[in-house]
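Encoded as structure tokens, the structure appears first; notes follow it.
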Amino acid sequence: MAAIRVFLVDDHPAVREGMRHLLELDGQISVVGEVGSGEEALEQENWHSVDVLLMDIRLTGMDGIEATRQLRARHPDLKIMILSSFGDEYLVEAIEAGANAYIMKTAIQPELIHSVLQTADGHGPIDPTLTPRLFDRMIELSRTAQVPVLSTRQQEMLRLIADGVSSAEIASKLSMSQATLTRQLRHIFDLLGVDNRAQAIAEAYKNNLL
């Protein structure tokens, strides 16, 4: 199986070196590039050869949130995983900017590897220590928003996504084909007005659907 190709954006060379070392201890991951700023990330052109972009938030110059927003607009298929030292302070903003996943830098190596693999597979994990806080941070926004109407089946799919269940496991649990699951998830994303799983989880919490 081909290695997951990861690109690093962090303004501390020592952090990038340490992250590269941690990731490449696992034979499933290869770090294919790195830069030290959001501006440099925007100058890159070969994003088609990257499976997951690991983005720091606090960067010199353009921050990781704005870099994520601009990269998402230019390269909508690029999977971006935020690596944060700041807990839930930037969680909602990062997801709204288009991040697929949000993980703490304090995650131990197996958790980091698992999160990268999940992000590459389209699962979009959010650090489990932050998920309970997501509802609290989104509830104020939900007071004036129109709540999407989802079926019991669709809400069940969202619960499984929030629990980090893989697509194959969801399809098996719900007795449907992968193609049907993909179609159903796309429909849920459309109803919620989102583009990926992380945003779907955030929107579901905001609207008290989970």
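Naming scheme: A, B, ... for chains in displayed order of the structure tokens; residues 1 onward per chain; ligands 1 onward as shown.
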
Please provide as a ChimeraX atom specification all residues within 7 Å of range 11-18 of chain A, with the sequence filter that same-chain residues fewer than 3 positions apart are discarded (counting only C-alpha atoms). /A:8,21-22,36-37,59-60

List every residue of range 17-184 of chain A that DSSP, applied to the backbone, labels as strand (DSSP E or B), and write the result as a PDB file with N, CA and C atoms, in the first residue's frame.
ATOM      1  N   ILE A  29       3.330   6.394   6.518  1.00  0.00           N
ATOM      2  CA  ILE A  29       3.332   7.833   6.273  1.00  0.00           C
ATOM      3  C   ILE A  29       4.693   8.295   5.770  1.00  0.00           C
ATOM      4  N   SER A  30       4.659   9.196   4.794  1.00  0.00           N
ATOM      5  CA  SER A  30       5.876   9.818   4.271  1.00  0.00           C
ATOM      6  C   SER A  30       5.677  11.324   4.232  1.00  0.00           C
ATOM      7  N   VAL A  31       6.597  12.079   4.827  1.00  0.00           N
ATOM      8  CA  VAL A  31       6.534  13.541   4.775  1.00  0.00           C
ATOM      9  C   VAL A  31       7.185  13.996   3.472  1.00  0.00           C
ATOM     10  N   VAL A  32       6.395  14.614   2.603  1.00  0.00           N
ATOM     11  CA  VAL A  32       6.865  14.934   1.252  1.00  0.00           C
ATOM     12  C   VAL A  32       7.258  16.403   1.090  1.00  0.00           C
ATOM     13  N   GLY A  33       7.043  17.216   2.131  1.00  0.00           N
ATOM     14  CA  GLY A  33       7.422  18.617   2.020  1.00  0.00           C
ATOM     15  C   GLY A  33       7.093  19.379   3.280  1.00  0.00           C
ATOM     16  N   GLU A  34       7.668  20.558   3.410  1.00  0.00           N
ATOM     17  CA  GLU A  34       7.410  21.398   4.585  1.00  0.00           C
ATOM     18  C   GLU A  34       7.755  22.836   4.274  1.00  0.00           C
ATOM     19  N   VAL A  35       7.012  23.762   4.892  1.00  0.00           N
ATOM     20  CA  VAL A  35       7.314  25.192   4.793  1.00  0.00           C
ATOM     21  C   VAL A  35       7.068  25.808   6.163  1.00  0.00           C
ATOM     22  N   VAL A  52      -2.424  14.696   2.992  1.00  0.00           N
ATOM     23  CA  VAL A  52      -2.846  15.444   4.181  1.00  0.00           C
ATOM     24  C   VAL A  52      -1.867  16.585   4.443  1.00  0.00           C
ATOM     25  N   LEU A  53      -2.401  17.788   4.638  1.00  0.00           N
ATOM     26  CA  LEU A  53      -1.602  18.941   5.029  1.00  0.00           C
ATOM     27  C   LEU A  53      -1.787  19.166   6.524  1.00  0.00           C
ATOM     28  N   LEU A  54      -0.687  19.142   7.282  1.00  0.00           N
ATOM     29  CA  LEU A  54      -0.721  19.422   8.716  1.00  0.00           C
ATOM     30  C   LEU A  54      -0.378  20.889   8.922  1.00  0.00           C
ATOM     31  N   MET A  55      -1.337  21.637   9.460  1.00  0.00           N
ATOM     32  CA  MET A  55      -1.228  23.089   9.556  1.00  0.00           C
ATOM     33  C   MET A  55      -1.193  23.555  11.009  1.00  0.00           C
ATOM     34  N   ASP A  56      -0.145  24.307  11.372  1.00  0.00           N
ATOM     35  CA  ASP A  56      -0.108  24.967  12.673  1.00  0.00           C
ATOM     36  C   ASP A  56      -1.013  26.198  12.611  1.00  0.00           C
ATOM     37  N   ILE A  80      -6.967  19.044   5.084  1.00  0.00           N
ATOM     38  CA  ILE A  80      -6.162  19.870   5.987  1.00  0.00           C
ATOM     39  C   ILE A  80      -6.461  19.481   7.431  1.00  0.00           C
ATOM     40  N   MET A  81      -5.409  19.137   8.162  1.00  0.00           N
ATOM     41  CA  MET A  81      -5.538  18.798   9.573  1.00  0.00           C
ATOM     42  C   MET A  81      -4.831  19.868  10.396  1.00  0.00           C
ATOM     43  N   ILE A  82      -5.578  20.543  11.259  1.00  0.00           N
ATOM     44  CA  ILE A  82      -5.009  21.558  12.133  1.00  0.00           C
ATOM     45  C   ILE A  82      -4.328  20.885  13.321  1.00  0.00           C
ATOM     46  N   LEU A  83      -3.104  21.316  13.613  1.00  0.00           N
ATOM     47  CA  LEU A  83      -2.401  20.895  14.815  1.00  0.00           C
ATOM     48  C   LEU A  83      -2.315  22.105  15.734  1.00  0.00           C
ATOM     49  N   SER A  84      -2.942  22.021  16.913  1.00  0.00           N
ATOM     50  CA  SER A  84      -3.076  23.192  17.765  1.00  0.00           C
ATOM     51  C   SER A  84      -2.475  22.973  19.150  1.00  0.00           C
ATOM     52  N   ALA A 101      -9.883  18.390   9.999  1.00  0.00           N
ATOM     53  CA  ALA A 101      -9.621  17.753  11.286  1.00  0.00           C
ATOM     54  C   ALA A 101      -8.908  18.748  12.191  1.00  0.00           C
ATOM     55  N   TYR A 102      -8.996  18.499  13.516  1.00  0.00           N
ATOM     56  CA  TYR A 102      -8.404  19.410  14.500  1.00  0.00           C
ATOM     57  C   TYR A 102      -7.861  18.561  15.641  1.00  0.00           C
ATOM     58  N   ILE A 103      -6.540  18.524  15.772  1.00  0.00           N
ATOM     59  CA  ILE A 103      -5.873  17.649  16.728  1.00  0.00           C
ATOM     60  C   ILE A 103      -4.898  18.467  17.576  1.00  0.00           C
ATOM     61  N   MET A 104      -4.800  18.134  18.857  1.00  0.00           N
ATOM     62  CA  MET A 104      -3.862  18.814  19.743  1.00  0.00           C
ATOM     63  C   MET A 104      -2.430  18.344  19.484  1.00  0.00           C
ATOM     64  N   ILE A 126     -11.796  15.035  15.211  1.00  0.00           N
ATOM     65  CA  ILE A 126     -11.594  16.156  16.116  1.00  0.00           C
ATOM     66  C   ILE A 126     -11.085  15.572  17.424  1.00  0.00           C
TER      67      ILE A 126
END

When you count only C-alpha atoms, which of these residues is closest to Gly98 in chain A: A:Ile161, A:Ala200, A:Leu150, A:Leu209? A:Ala200

Counting only C-alpha atoms, figure out which residue out of A:Leu117, A:Leu42, A:Leu160, A:Val165 gets nearest to Leu71 in chain A.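 The shortest atom-to-atom distance to Leu71 in chain A comes from A:Leu42.
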
Nearest to Ser115 in chain A: which of A:Leu210, A:Arg5, A:Gly164, A:Ala67 is it, counting only C-alpha atoms?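 That would be A:Gly164, the residue with the smallest distance to Ser115 in chain A.
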
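Among A:Ala202, A:Phe189, A:Pro76, A:Asp10, the residue with the shortest atom-to-atom distance to Ile57 in chain A, counting only C-alpha atoms, is A:Asp10.
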
Could you please determine the separation between CA of Glu156 in chain A and CA of Leu78 in chain A in Å, to one decimal place?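 So the two atoms, CA of Glu156 in chain A and CA of Leu78 in chain A, lie 27.1 Å apart.
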
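Across the model, the gap from CA of Val194 in chain A to CA of Gln154 in chain A is 14.6 Å.
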
Please report the interatomic distance between CA of Ile170 in chain A and CA of Val6 in chain A in Å with one decimal.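 That distance, rounded to one decimal, is 26.2 Å.
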
In chain A, DSSP helix (DSSP H, G or I) residues written as a VMD selection string: chain A and resid 13 to 24 38 to 43 47 to 49 64 to 74 87 to 97 109 to 120 131 to 142 152 to 162 167 to 173 178 to 192 197 to 206

Spatial neighbours of Glu96 in chain A, 7 Å, only C-alpha atoms, chain gap at least 3 places, as a ChimeraX atom specification: /A:92-93,199

Selection file, N, CA and C atoms, as a PDB file, in the first residue's frame:
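Wrote selection_18.pdb, looks like this:
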ATOM      1  N   VAL A  92     -13.749  26.167  16.429  1.00  0.00           N
ATOM      2  CA  VAL A  92     -14.878  26.503  15.551  1.00  0.00           C
ATOM      3  C   VAL A  92     -14.401  27.291  14.343  1.00  0.00           C
ATOM      4  N   GLU A  93     -13.527  28.265  14.575  1.00  0.00           N
ATOM      5  CA  GLU A  93     -13.023  29.098  13.478  1.00  0.00           C
ATOM      6  C   GLU A  93     -12.267  28.256  12.455  1.00  0.00           C
ATOM      7  N   GLN A 199     -16.904  19.493   9.554  1.00  0.00           N
ATOM      8  CA  GLN A 199     -17.903  20.557   9.524  1.00  0.00           C
ATOM      9  C   GLN A 199     -19.291  20.000   9.834  1.00  0.00           C
TER      10      GLN A 199
END

Shell of 12 Å around Lys173 in chain A, only C-alpha atoms, local chain residues under 4 positions omitted, as an NGL selection string: :A and (153 or 156-157 or 160 or 165-169 or 177-178 or 181)

Keeping only N, CA and C atoms, write the selected residues to a file as a tab-separated table (two decimals), in the first residue's frame.
chain	number	residue	atom	x	y	z
A	153	ARG	N	-32.45	8.03	10.60
A	153	ARG	CA	-31.34	7.32	9.95
A	153	ARG	C	-30.16	8.25	9.72
A	156	GLU	N	-28.41	8.99	12.89
A	156	GLU	CA	-27.61	7.84	13.30
A	156	GLU	C	-26.27	7.84	12.58
A	157	MET	N	-26.29	8.19	11.29
A	157	MET	CA	-25.04	8.29	10.53
A	157	MET	C	-24.13	9.34	11.15
A	160	LEU	N	-22.43	8.11	14.31
A	160	LEU	CA	-21.33	7.21	14.01
A	160	LEU	C	-20.11	7.97	13.51
A	165	VAL	N	-16.25	6.37	13.62
A	165	VAL	CA	-16.41	5.08	12.96
A	165	VAL	C	-16.06	5.22	11.48
A	166	SER	N	-15.35	4.26	10.93
A	166	SER	CA	-14.93	4.33	9.52
A	166	SER	C	-16.12	4.13	8.59
A	167	SER	N	-15.95	4.53	7.34
A	167	SER	CA	-17.01	4.38	6.36
A	167	SER	C	-17.42	2.92	6.19
A	168	ALA	N	-16.44	2.03	6.15
A	168	ALA	CA	-16.73	0.61	5.98
A	168	ALA	C	-17.58	0.09	7.14
A	169	GLU	N	-17.23	0.51	8.37
A	169	GLU	CA	-17.97	0.06	9.54
A	169	GLU	C	-19.39	0.64	9.56
A	177	SER	N	-24.52	-0.41	1.01
A	177	SER	CA	-23.28	-0.46	0.25
A	177	SER	C	-22.48	0.82	0.48
A	178	GLN	N	-21.18	0.76	0.15
A	178	GLN	CA	-20.34	1.95	0.28
A	178	GLN	C	-20.85	3.06	-0.63
A	181	LEU	N	-23.81	4.66	1.00
A	181	LEU	CA	-23.37	5.48	2.13
A	181	LEU	C	-22.79	6.80	1.66

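Each of A:Arg74, A:Arg58, A:Arg69, A:His114 was checked against Leu23 in chain A using only C-alpha atoms; the smallest atom-to-atom distance is that of A:His114.
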